[in-house]
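Enquirer: This is entry-v6.csv, which holds CSV, C-alpha atoms:
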chain,number,residue,atom,x,y,z
A,1024,MET,CA,-20.6,-50.7,7.4
A,1025,ALA,CA,-20.0,-48.7,10.6
A,1026,LYS,CA,-19.0,-45.5,8.8
A,1027,SER,CA,-22.7,-44.4,8.6
A,1028,ASP,CA,-22.1,-41.1,10.4
A,1029,ILE,CA,-19.6,-40.2,7.7
A,1030,ASP,CA,-21.9,-41.3,4.9
A,1031,VAL,CA,-24.9,-39.3,6.2
A,1032,LEU,CA,-22.8,-36.2,6.3
A,1033,ILE,CA,-21.3,-36.8,2.8
A,1034,LYS,CA,-24.8,-37.1,1.4
A,1035,LEU,CA,-25.9,-33.8,3.0
A,1036,VAL,CA,-22.8,-31.9,1.9
A,1037,ALA,CA,-23.1,-33.3,-1.7
A,1038,LYS,CA,-26.6,-31.8,-1.9
A,1039,LEU,CA,-25.2,-28.2,-1.4
A,1040,PRO,CA,-24.9,-26.0,-4.5
A,1041,ALA,CA,-21.6,-26.3,-6.5
A,1042,LEU,CA,-20.8,-29.6,-4.7
A,1043,GLY,CA,-21.0,-33.3,-5.7
A,1044,THR,CA,-20.2,-36.6,-4.0
A,1045,ARG,CA,-16.4,-36.4,-4.7
A,1046,SER,CA,-15.9,-32.9,-3.3
A,1047,ALA,CA,-18.2,-33.7,-0.4
A,1048,ARG,CA,-15.9,-36.7,0.5
A,1049,ARG,CA,-12.9,-34.4,0.4
A,1050,ILE,CA,-14.6,-31.8,2.5
A,1051,VAL,CA,-15.7,-34.3,5.2
A,1052,LEU,CA,-12.3,-35.9,5.4
A,1053,HIS,CA,-10.7,-32.4,5.6
A,1054,LEU,CA,-13.0,-31.6,8.5
A,1055,LEU,CA,-12.2,-34.9,10.3
A,1056,LYS,CA,-8.5,-34.1,10.0
A,1057,ASN,CA,-9.0,-30.6,11.4
A,1058,LYS,CA,-11.6,-31.1,14.1
A,1059,ASP,CA,-10.4,-28.3,16.5
A,1060,THR,CA,-9.4,-25.7,13.9
A,1061,GLN,CA,-12.2,-26.1,11.4
A,1062,LEU,CA,-15.0,-28.6,12.4
A,1063,THR,CA,-15.9,-27.1,15.8
A,1064,PRO,CA,-15.9,-23.4,14.5
A,1065,LEU,CA,-18.0,-24.5,11.5
A,1066,ILE,CA,-20.6,-26.2,13.8
A,1067,GLU,CA,-20.7,-23.1,16.0
A,1068,ALA,CA,-21.1,-20.7,13.0
A,1069,LEU,CA,-23.9,-22.9,11.5
A,1070,GLN,CA,-25.7,-22.9,14.8
A,1071,ASN,CA,-25.4,-19.1,15.0
A,1072,LEU,CA,-26.8,-18.9,11.5
A,1073,ASN,CA,-29.7,-21.2,12.3
A,1074,GLU,CA,-30.6,-19.3,15.5
A,1075,ASN,CA,-29.9,-15.7,14.6
A,1076,VAL,CA,-30.3,-15.0,11.0
A,1077,LYS,CA,-33.7,-14.4,9.4
A,1078,ALA,CA,-35.2,-12.7,6.4
A,1079,CYS,CA,-35.9,-8.9,6.8
A,1080,ARG,CA,-39.6,-8.4,6.7
A,1081,ILE,CA,-39.3,-5.2,4.6
A,1082,CYS,CA,-36.8,-6.1,1.8
A,1083,HIS,CA,-36.3,-9.9,2.3
A,1084,ASN,CA,-32.5,-9.5,2.8
A,1085,PHE,CA,-31.0,-11.8,5.5
A,1086,ASP,CA,-29.8,-10.4,8.7
A,1087,THR,CA,-29.8,-10.9,12.5
A,1088,SER,CA,-32.6,-8.5,13.2
A,1089,GLU,CA,-36.2,-8.4,12.1
A,1090,ILE,CA,-35.4,-5.3,10.0
A,1091,CYS,CA,-32.1,-5.6,8.2
A,1092,SER,CA,-29.2,-3.1,8.7
A,1093,ILE,CA,-29.8,-1.6,5.3
A,1094,CYS,CA,-33.5,-1.0,5.8
A,1095,GLY,CA,-32.8,0.4,9.2
A,1096,ASP,CA,-30.0,2.7,8.0
A,1097,GLU,CA,-31.3,6.3,8.2
A,1098,LYS,CA,-28.4,7.6,6.0
A,1099,ARG,CA,-29.4,5.6,3.0
A,1100,ASP,CA,-31.7,7.1,0.4
A,1101,SER,CA,-35.1,5.5,1.0
A,1102,LYS,CA,-36.6,7.1,-2.1
A,1103,THR,CA,-34.6,4.8,-4.4
A,1104,LEU,CA,-35.2,1.1,-4.5
A,1105,CYS,CA,-33.0,-1.4,-6.2
A,1106,ILE,CA,-34.7,-4.7,-7.2
A,1107,VAL,CA,-32.4,-7.7,-7.1
A,1108,GLN,CA,-33.0,-11.4,-7.8
A,1109,ASP,CA,-31.4,-12.8,-4.7
A,1110,VAL,CA,-29.5,-11.9,-1.6
A,1111,THR,CA,-26.2,-12.8,-3.3
A,1112,ASP,CA,-26.9,-10.1,-5.8
A,1113,LEU,CA,-27.6,-7.6,-3.0
A,1114,TRP,CA,-24.2,-8.5,-1.5
A,1115,ALA,CA,-22.5,-8.0,-4.9
A,1116,MET,CA,-24.1,-4.5,-5.2
A,1117,GLU,CA,-23.0,-3.7,-1.7
A,1118,ARG,CA,-19.4,-4.9,-2.4
A,1119,SER,CA,-19.2,-2.5,-5.4
A,1120,GLY,CA,-20.0,0.2,-2.8
A,1121,PHE,CA,-21.6,2.6,-5.4
A,1122,TYR,CA,-25.3,2.3,-4.5
A,1123,LYS,CA,-26.6,4.2,-1.6
A,1124,GLY,CA,-30.4,3.5,-1.8
A,1125,LYS,CA,-32.4,0.6,-0.4
A,1126,TYR,CA,-33.2,-2.8,-1.8
A,1127,HIS,CA,-36.0,-5.2,-2.5
A,1128,VAL,CA,-35.1,-8.9,-3.0
A,1129,LEU,CA,-37.5,-10.6,-5.5
A,1130,GLY,CA,-36.4,-14.1,-4.4
A,1131,GLY,CA,-36.0,-15.3,-8.0
A,1132,VAL,CA,-37.0,-14.4,-11.6
A,1133,LEU,CA,-40.0,-15.6,-13.6
A,1134,SER,CA,-39.2,-18.8,-15.4
A,1135,ALA,CA,-41.4,-20.9,-17.7
A,1136,ILE,CA,-39.0,-23.9,-17.4
A,1137,ASP,CA,-38.7,-23.9,-13.6
A,1138,GLY,CA,-42.3,-22.9,-13.2
A,1139,VAL,CA,-41.7,-19.7,-11.3
A,1140,LEU,CA,-44.8,-17.5,-11.5
A,1141,PRO,CA,-45.3,-13.9,-10.4
A,1142,GLN,CA,-47.0,-15.0,-7.1
A,1143,ASP,CA,-43.8,-16.9,-6.2
A,1144,LEU,CA,-41.8,-13.7,-6.1
A,1145,ASN,CA,-41.9,-10.8,-3.6
A,1146,ILE,CA,-43.8,-8.6,-6.1
A,1147,ASP,CA,-46.9,-7.7,-4.0
A,1148,SER,CA,-44.7,-6.5,-1.1
A,1149,LEU,CA,-42.7,-4.5,-3.6
A,1150,ILE,CA,-45.8,-2.7,-4.9
A,1151,ALA,CA,-47.0,-2.1,-1.4
A,1152,ARG,CA,-43.6,-0.5,-0.5
A,1153,LEU,CA,-43.7,1.8,-3.5
A,1154,SER,CA,-46.7,3.7,-2.2
A,1155,SER,CA,-46.2,3.3,1.6
A,1156,GLU,CA,-42.5,4.4,1.5
A,1157,GLY,CA,-42.9,7.2,-1.1
A,1158,VAL,CA,-40.3,5.7,-3.5
A,1159,THR,CA,-39.6,7.9,-6.5
A,1160,GLU,CA,-37.0,5.7,-8.4
A,1161,VAL,CA,-36.8,2.0,-9.0
A,1162,ILE,CA,-33.7,0.4,-10.5
A,1163,LEU,CA,-34.3,-3.1,-11.9
A,1164,ALA,CA,-30.9,-4.8,-11.3
A,1165,LEU,CA,-31.9,-8.2,-12.6
A,1166,PRO,CA,-29.6,-10.7,-14.4
A,1167,ALA,CA,-29.0,-10.2,-18.1
A,1168,THR,CA,-30.4,-13.6,-18.9
A,1169,VAL,CA,-33.6,-14.4,-20.8
A,1170,ASP,CA,-35.6,-15.1,-17.6
A,1171,GLY,CA,-34.1,-12.0,-16.0
A,1172,GLN,CA,-35.1,-9.8,-18.9
A,1173,ILE,CA,-38.6,-11.3,-19.1
A,1174,THR,CA,-39.0,-10.4,-15.4
A,1175,VAL,CA,-37.8,-6.9,-16.2
A,1176,GLN,CA,-40.5,-6.5,-18.9
A,1177,TYR,CA,-43.1,-7.9,-16.5
A,1178,LEU,CA,-42.2,-5.5,-13.8
A,1179,LEU,CA,-41.9,-2.5,-16.1
A,1180,HIS,CA,-45.5,-3.3,-17.3
A,1181,HIS,CA,-46.8,-3.4,-13.7
A,1182,LEU,CA,-44.8,-0.5,-12.3
A,1183,LYS,CA,-45.3,2.0,-15.1
A,1184,PRO,CA,-48.8,3.0,-13.9
A,1185,LEU,CA,-47.4,3.8,-10.4
A,1186,ASN,CA,-45.6,6.9,-11.7
A,1187,VAL,CA,-42.1,6.2,-10.4
A,1188,LYS,CA,-38.8,6.7,-12.3
A,1189,LEU,CA,-37.8,3.3,-13.7
A,1190,SER,CA,-34.5,2.1,-15.0
A,1191,THR,CA,-32.6,-1.1,-15.7
A,1192,LEU,CA,-28.9,-1.8,-15.5
A,1193,ALA,CA,-26.9,-1.0,-18.7
A,1194,LEU,CA,-26.0,-3.9,-21.0
A,1195,GLY,CA,-22.5,-3.7,-22.6
A,1196,LEU,CA,-18.9,-4.7,-22.3
A,1197,PRO,CA,-17.7,-5.6,-18.8
A,1198,VAL,CA,-14.9,-3.4,-17.5
A,1199,GLY,CA,-11.5,-4.8,-18.6
A,1200,ALA,CA,-13.0,-6.9,-21.4
A,1201,GLU,CA,-11.3,-7.6,-24.7
A,1202,LEU,CA,-13.8,-7.5,-27.7
A,1203,ASP,CA,-12.3,-10.7,-29.0
A,1204,TYR,CA,-13.6,-12.6,-26.0
A,1205,MET,CA,-17.1,-11.2,-26.0
A,1206,ASP,CA,-20.1,-13.0,-27.3
A,1207,ASP,CA,-22.2,-11.6,-30.2
A,1208,GLY,CA,-25.1,-10.5,-28.0
A,1209,THR,CA,-22.9,-8.4,-25.7
A,1210,ILE,CA,-21.2,-6.7,-28.7
A,1211,GLU,CA,-24.6,-6.0,-30.2
A,1212,MET,CA,-25.9,-4.5,-27.0
A,1213,ALA,CA,-22.7,-2.4,-26.5
A,1214,LEU,CA,-23.1,-1.1,-30.1
A,1215,GLN,CA,-26.8,-0.3,-29.8
A,1216,SER,CA,-26.3,1.5,-26.5
A,1217,ARG,CA,-23.2,3.3,-27.6
A,1218,LYS,CA,-22.6,6.6,-25.9
A,1219,GLN,CA,-22.1,9.9,-27.8
A,1220,MET,CA,-19.0,11.7,-26.4
B,1448,MET,CA,-22.4,-4.3,9.2
B,1449,ALA,CA,-24.7,-6.6,11.2
B,1450,LYS,CA,-24.4,-9.6,8.9
B,1451,SER,CA,-21.3,-10.8,10.8
B,1452,ASP,CA,-22.8,-14.2,11.6
B,1453,ILE,CA,-23.2,-14.8,7.9
B,1454,ASP,CA,-19.7,-13.5,7.1
B,1455,VAL,CA,-18.0,-15.7,9.7
B,1456,LEU,CA,-19.6,-18.7,8.2
B,1457,ILE,CA,-18.8,-17.7,4.7
B,1458,LYS,CA,-15.1,-17.4,5.6
B,1459,LEU,CA,-15.1,-20.8,7.3
B,1460,VAL,CA,-16.9,-22.5,4.3
B,1461,ALA,CA,-14.6,-20.8,1.8
B,1462,LYS,CA,-11.6,-22.5,3.5
B,1463,LEU,CA,-12.9,-26.0,2.8
B,1464,PRO,CA,-11.2,-27.9,-0.1
B,1465,ALA,CA,-12.7,-27.3,-3.6
B,1466,LEU,CA,-14.5,-24.1,-2.4
B,1467,GLY,CA,-13.9,-20.4,-2.7
B,1468,THR,CA,-15.6,-17.3,-1.5
B,1469,ARG,CA,-18.2,-17.3,-4.3
B,1470,SER,CA,-19.3,-20.9,-3.8
B,1471,ALA,CA,-19.3,-20.4,-0.1
B,1472,ARG,CA,-21.7,-17.5,-0.4
B,1473,ARG,CA,-24.0,-19.6,-2.5
B,1474,ILE,CA,-23.9,-22.5,-0.1
B,1475,VAL,CA,-24.6,-20.3,3.0
B,1476,LEU,CA,-27.5,-18.6,1.2
B,1477,HIS,CA,-28.8,-22.0,0.2
B,1478,LEU,CA,-28.7,-23.2,3.8
B,1479,LEU,CA,-30.4,-20.0,5.0
B,1480,LYS,CA,-33.3,-20.7,2.6
B,1481,ASN,CA,-33.6,-24.3,3.6
B,1482,LYS,CA,-33.2,-24.1,7.4
B,1483,ASP,CA,-35.4,-27.1,8.3
B,1484,THR,CA,-34.6,-29.4,5.4
B,1485,GLN,CA,-30.8,-28.9,5.1
B,1486,LEU,CA,-29.3,-26.6,7.8
B,1487,THR,CA,-30.5,-28.4,10.8
B,1488,PRO,CA,-29.7,-32.0,9.5
B,1489,LEU,CA,-26.2,-30.7,8.5
B,1490,ILE,CA,-25.5,-29.3,12.0
B,1491,GLU,CA,-26.6,-32.6,13.5
B,1492,ALA,CA,-24.5,-34.7,11.1
B,1493,LEU,CA,-21.4,-32.5,11.8
B,1494,GLN,CA,-21.9,-32.8,15.5
B,1495,ASN,CA,-22.2,-36.6,15.2
B,1496,LEU,CA,-19.0,-36.5,13.1
B,1497,ASN,CA,-17.2,-34.4,15.7
B,1498,GLU,CA,-18.3,-36.6,18.7
B,1499,ASN,CA,-18.3,-40.1,17.2
B,1500,VAL,CA,-15.7,-40.4,14.4
B,1501,LYS,CA,-12.0,-41.0,15.2
B,1502,ALA,CA,-9.0,-42.5,13.5
B,1503,CYS,CA,-8.6,-46.3,13.8
B,1504,ARG,CA,-5.5,-46.9,16.0
B,1505,ILE,CA,-4.4,-49.8,13.8
B,1506,CYS,CA,-4.8,-48.6,10.2
B,1507,HIS,CA,-5.6,-44.8,10.6
B,1508,ASN,CA,-8.9,-45.2,8.8
B,1509,PHE,CA,-11.8,-43.1,10.2
B,1510,ASP,CA,-14.6,-44.8,12.0
B,1511,THR,CA,-16.9,-44.6,15.0
B,1512,SER,CA,-15.0,-47.2,16.9
B,1513,GLU,CA,-11.4,-47.3,18.3
B,1514,ILE,CA,-10.7,-50.1,15.8
B,1515,CYS,CA,-12.4,-49.6,12.4
B,1516,SER,CA,-14.9,-52.0,10.9
B,1517,ILE,CA,-12.3,-53.2,8.3
B,1518,CYS,CA,-9.6,-54.0,10.9
B,1519,GLY,CA,-12.2,-55.6,13.1
B,1520,ASP,CA,-13.6,-57.8,10.2
B,1521,GLU,CA,-12.5,-61.4,10.8
B,1522,LYS,CA,-13.5,-62.4,7.3
B,1523,ARG,CA,-11.0,-60.1,5.6
B,1524,ASP,CA,-7.5,-61.4,4.8
B,1525,SER,CA,-5.2,-60.0,7.5
B,1526,LYS,CA,-2.1,-61.3,5.7
B,1527,THR,CA,-2.5,-58.8,2.9
B,1528,LEU,CA,-2.0,-55.1,3.5
B,1529,CYS,CA,-2.9,-52.3,1.0
B,1530,ILE,CA,-1.0,-49.1,1.6
B,1531,VAL,CA,-3.0,-46.0,0.6
B,1532,GLN,CA,-2.2,-42.3,0.7
B,1533,ASP,CA,-5.4,-41.2,2.4
B,1534,VAL,CA,-8.8,-42.3,3.7
B,1535,THR,CA,-10.5,-41.1,0.4
B,1536,ASP,CA,-8.3,-43.6,-1.5
B,1537,LEU,CA,-9.3,-46.4,1.0
B,1538,TRP,CA,-13.0,-45.5,0.3
B,1539,ALA,CA,-12.3,-45.6,-3.5
B,1540,MET,CA,-10.7,-49.1,-3.1
B,1541,GLU,CA,-13.7,-50.2,-1.1
B,1542,ARG,CA,-16.1,-48.9,-3.7
B,1543,SER,CA,-14.4,-51.0,-6.4
B,1544,GLY,CA,-15.2,-54.0,-4.1
B,1545,PHE,CA,-12.4,-56.1,-5.5
B,1546,TYR,CA,-9.9,-56.0,-2.6
B,1547,LYS,CA,-10.5,-58.2,0.4
B,1548,GLY,CA,-7.4,-57.6,2.6
B,1549,LYS,CA,-6.7,-54.9,5.1
B,1550,TYR,CA,-5.4,-51.4,4.8
B,1551,HIS,CA,-2.8,-49.0,6.2
B,1552,VAL,CA,-3.4,-45.3,5.6
B,1553,LEU,CA,0.0,-43.4,5.2
B,1554,GLY,CA,-1.6,-40.0,5.7
B,1555,GLY,CA,0.2,-38.5,2.7
B,1556,VAL,CA,3.1,-39.0,0.4
B,1557,LEU,CA,6.7,-37.7,0.7
B,1558,SER,CA,7.0,-34.3,-0.9
B,1559,ALA,CA,10.1,-32.1,-1.2
B,1560,ILE,CA,7.9,-29.1,-2.2
B,1561,ASP,CA,5.4,-29.5,0.6
B,1562,GLY,CA,8.1,-30.5,3.1
B,1563,VAL,CA,6.6,-33.9,3.9
B,1564,LEU,CA,9.2,-36.2,5.5
B,1565,PRO,CA,9.1,-39.9,6.3
B,1566,GLN,CA,8.5,-39.1,10.0
B,1567,ASP,CA,5.3,-37.2,9.0
B,1568,LEU,CA,3.8,-40.4,7.6
B,1569,ASN,CA,2.5,-43.5,9.4
B,1570,ILE,CA,5.5,-45.5,8.3
B,1571,ASP,CA,6.7,-46.6,11.8
B,1572,SER,CA,3.3,-48.1,12.6
B,1573,LEU,CA,3.3,-49.8,9.2
B,1574,ILE,CA,6.6,-51.5,9.9
B,1575,ALA,CA,5.5,-52.5,13.3
B,1576,ARG,CA,2.3,-54.1,11.9
B,1577,LEU,CA,4.2,-56.1,9.3
B,1578,SER,CA,5.9,-58.2,12.0
B,1579,SER,CA,3.3,-58.2,14.7
B,1580,GLU,CA,0.4,-59.2,12.4
B,1581,GLY,CA,2.3,-61.7,10.3
B,1582,VAL,CA,1.6,-59.9,7.0
B,1583,THR,CA,2.9,-61.7,3.9
B,1584,GLU,CA,1.9,-59.4,1.1
B,1585,VAL,CA,2.0,-55.6,0.8
B,1586,ILE,CA,0.3,-53.8,-2.1
B,1587,LEU,CA,1.5,-50.2,-2.5
B,1588,ALA,CA,-1.6,-48.4,-3.9
B,1589,LEU,CA,-0.1,-44.9,-4.0
B,1590,PRO,CA,-1.0,-42.2,-6.6
B,1591,ALA,CA,0.7,-42.3,-10.0
B,1592,THR,CA,2.2,-38.9,-9.4
B,1593,VAL,CA,5.9,-38.0,-9.0
B,1594,ASP,CA,5.6,-37.7,-5.2
B,1595,GLY,CA,3.5,-40.9,-5.1
B,1596,GLN,CA,6.1,-42.9,-7.0
B,1597,ILE,CA,9.0,-41.5,-5.0
B,1598,THR,CA,7.1,-42.7,-1.8
B,1599,VAL,CA,6.7,-46.1,-3.5
B,1600,GLN,CA,10.5,-46.2,-4.1
B,1601,TYR,CA,11.2,-45.2,-0.5
B,1602,LEU,CA,8.9,-47.8,0.9
B,1603,LEU,CA,10.2,-50.5,-1.4
B,1604,HIS,CA,13.7,-49.8,-0.1
B,1605,HIS,CA,12.6,-50.0,3.5
B,1606,LEU,CA,10.2,-53.0,3.2
B,1607,LYS,CA,12.4,-55.3,1.0
B,1608,PRO,CA,14.6,-56.4,4.0
B,1609,LEU,CA,11.4,-57.5,5.8
B,1610,ASN,CA,10.9,-60.5,3.5
B,1611,VAL,CA,7.3,-59.8,2.4
B,1612,LYS,CA,5.8,-60.0,-1.1
B,1613,LEU,CA,5.7,-56.4,-2.5
B,1614,SER,CA,3.7,-55.0,-5.4
B,1615,THR,CA,2.5,-51.7,-6.8
B,1616,LEU,CA,-0.6,-50.9,-8.8
B,1617,ALA,CA,-0.3,-51.4,-12.6
B,1618,LEU,CA,0.2,-48.3,-14.6
B,1619,GLY,CA,-1.5,-48.2,-18.0
B,1620,LEU,CA,-4.7,-47.1,-19.8
B,1621,PRO,CA,-7.7,-46.5,-17.6
B,1622,VAL,CA,-10.7,-48.8,-18.5
B,1623,GLY,CA,-12.8,-47.1,-21.3
B,1624,ALA,CA,-10.0,-44.8,-22.4
B,1625,GLU,CA,-9.4,-43.7,-26.0
B,1626,LEU,CA,-5.7,-43.6,-26.9
B,1627,ASP,CA,-6.2,-40.3,-28.6
B,1628,TYR,CA,-7.1,-38.7,-25.2
B,1629,MET,CA,-4.2,-40.2,-23.2
B,1630,ASP,CA,-1.0,-38.4,-22.3
B,1631,ASP,CA,2.4,-39.6,-23.5
B,1632,GLY,CA,3.5,-40.9,-20.1
B,1633,THR,CA,0.4,-43.1,-19.8
B,1634,ILE,CA,0.9,-44.5,-23.3
B,1635,GLU,CA,4.5,-45.2,-22.6
B,1636,MET,CA,3.7,-47.0,-19.4
B,1637,ALA,CA,1.0,-49.0,-21.1
B,1638,LEU,CA,3.4,-50.0,-23.8
B,1639,GLN,CA,6.3,-50.9,-21.5
B,1640,SER,CA,4.0,-53.0,-19.3
B,1641,ARG,CA,2.2,-54.6,-22.3
B,1642,LYS,CA,0.8,-58.1,-21.5
B,1643,GLN,CA,1.7,-61.1,-23.6
B,1644,MET,CA,-1.5,-63.0,-24.5
Please express what this file holds, its structure, as structure tokens.
Expert:
Amino acid sequence: MAKSDIDVLIKLVAKLPALGTRSARRIVLHLLKNKDTQLTPLIEALQNLNENVKACRICHNFDTSEICSICGDEKRDSKTLCIVQDVTDLWAMERSGFYKGKYHVLGGVLSAIDGVLPQDLNIDSLIARLSSEGVTEVILALPATVDGQITVQYLLHHLKPLNVKLSTLALGLPVGAELDYMDDGTIEMALQSRKQM
Amino acid sequence: MAKSDIDVLIKLVAKLPALGTRSARRIVLHLLKNKDTQLTPLIEALQNLNENVKACRICHNFDTSEICSICGDEKRDSKTLCIVQDVTDLWAMERSGFYKGKYHVLGGVLSAIDGVLPQDLNIDSLIARLSSEGVTEVILALPATVDGQITVQYLLHHLKPLNVKLSTLALGLPVGAELDYMDDGTIEMALQSRKQM
């Protein structure tokens, strides 16, 4: 079978998140059919990524410089730190455009099932930053999953003695939601955290 | 925003079939986190694809040589030609392992909506092959969609005068199917084409 170059690539693409063998086949064929318009630019962009992008050594965000553009931005409030699970969550926060402080990327959440322990996360560097950067407020923007909320409890326990203002994201109805489509847990949280008007 | 290298790549990945912006973000982040194990091999495999793989000038299959391994295989029956819509369909036929003849990739099906006309498909080269290669049987393995079946009718009309045996794939229940889960059209076709035992 001489189509080994194709097979090697299909196997690599199929390993990417959200993809399987079937979609990998479609993607590889699509690239073959659009060599100039899509394959060549994709190769260049991947090479740029490989050579230029690295983790920020302060907050673990990805960027082209040693210190990312958010950590290096003088205009952002360096007294407030938002803790996120991953860089995608940081991007989501940035897209919403509301938050003007700095970030710290944990690199995951604690998980008994996946065997993720506190030492696997960027917690030591977080605690070091709190004192060295004079942070006064920490927002725990972790996912509203079991593992996410266990990580929130773990961090609250360890950050409370450090005398900073701590908060977590509100749990409740997502904007635009119909009650009818919400799960029981969300409705319960929205009720419990109801706001007096 | 200094994360332009990342954004460029996300936009390129999001344009691939079966992917959108959200999955593109996840894939790019995954590649960033696994530079050595996944990003570098992926770049190499894409470069190999770009440099080595081209369309077979006989059947329009993709391979590393001018004439693909199937067209070049002396053991395969060159009197039988299977017409497929695309290379992915050829791969599917090859995986089933049942067919031992050769192929001709049409490169699409006729479509009024997408504006695909006969001259956009590899039909001229198909008709040329029929006489030059002494083909005696043509199997139309086109999709069981409206466009696919219109293309079948078009090809039947143009191939009948050429005095070759023509057939199309059987329509009916897929193997393992429960009647309860089948659509009306499939049940009707399975009934119409019922086999006397």
Enquirer: Can you tell me, as a PDB file with C-alpha atoms, in the frame of the given file, which residues sit within 7 Å of (1.5, -44.1, 4.4) in the file's frame, using all atoms listed in the file?
Expert:
ATOM      1  CA  ILE B1530      -1.000 -49.100   1.600  1.00  0.00           C
ATOM      2  CA  VAL B1531      -3.000 -46.000   0.600  1.00  0.00           C
ATOM      3  CA  GLN B1532      -2.200 -42.300   0.700  1.00  0.00           C
ATOM      4  CA  HIS B1551      -2.800 -49.000   6.200  1.00  0.00           C
ATOM      5  CA  VAL B1552      -3.400 -45.300   5.600  1.00  0.00           C
ATOM      6  CA  LEU B1553       0.000 -43.400   5.200  1.00  0.00           C
ATOM      7  CA  GLY B1554      -1.600 -40.000   5.700  1.00  0.00           C
ATOM      8  CA  GLY B1555       0.200 -38.500   2.700  1.00  0.00           C
ATOM      9  CA  VAL B1556       3.100 -39.000   0.400  1.00  0.00           C
ATOM     10  CA  LEU B1568       3.800 -40.400   7.600  1.00  0.00           C
ATOM     11  CA  ASN B1569       2.500 -43.500   9.400  1.00  0.00           C
ATOM     12  CA  ILE B1570       5.500 -45.500   8.300  1.00  0.00           C
TER      13      ILE B1570
END
Enquirer: Find the residues of chain A in contact range of chain B, meaning any atom within 9 Å when counting all atoms listed in the file, and list them as a PyMOL selection string.
Expert: chain A and resi 1024-1029+1031-1032+1035-1036+1038-1042+1046+1048-1055+1058+1061-1073+1075-1078+1085-1088+1091-1093+1110-1111
Enquirer: So which one's closest to Ile1505 in chain B, B:Glu1584, B:Asp1630, B:Glu1625, B:Asp1571? Using only C-alpha atoms, please.
Expert: B:Asp1571
Enquirer: If we count all atoms listed in the file, what is near range 1631-1641 of chain B at a cut-off of 7 Å, once residues fewer than 4 positions away on the same chain are taken out, given as a list in words?
Expert: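 The residues that qualify are Leu1618, Gly1619 and Leu1620 of chain B.
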Enquirer: Report, in Å with one decimal, the straight-line distance from CA of Cys1082 in chain A to CA of Arg1152 in chain A.
Expert: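 These atoms are spaced 9.1 Å apart.
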Enquirer: Around (-44.4, 6.9, -0.1) in the file's frame, which residues reach within 12 Å when counting all atoms listed in the file? Return as a tab-separated table (two decimals) with C-alpha atoms, keeping the file's coordinate frame?
Expert:
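File written: out_28.tsv
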chain	number	residue	atom	x	y	z
A	1101	SER	CA	-35.10	5.50	1.00
A	1102	LYS	CA	-36.60	7.10	-2.10
A	1103	THR	CA	-34.60	4.80	-4.40
A	1104	LEU	CA	-35.20	1.10	-4.50
A	1150	ILE	CA	-45.80	-2.70	-4.90
A	1151	ALA	CA	-47.00	-2.10	-1.40
A	1152	ARG	CA	-43.60	-0.50	-0.50
A	1153	LEU	CA	-43.70	1.80	-3.50
A	1154	SER	CA	-46.70	3.70	-2.20
A	1155	SER	CA	-46.20	3.30	1.60
A	1156	GLU	CA	-42.50	4.40	1.50
A	1157	GLY	CA	-42.90	7.20	-1.10
A	1158	VAL	CA	-40.30	5.70	-3.50
A	1159	THR	CA	-39.60	7.90	-6.50
A	1160	GLU	CA	-37.00	5.70	-8.40
A	1185	LEU	CA	-47.40	3.80	-10.40
A	1186	ASN	CA	-45.60	6.90	-11.70
A	1187	VAL	CA	-42.10	6.20	-10.40
Enquirer: What's the separation between CA of Leu1202 in chain A and CA of Ala1167 in chain A, in Å to one decimal place?
Expert: 18.2 Å
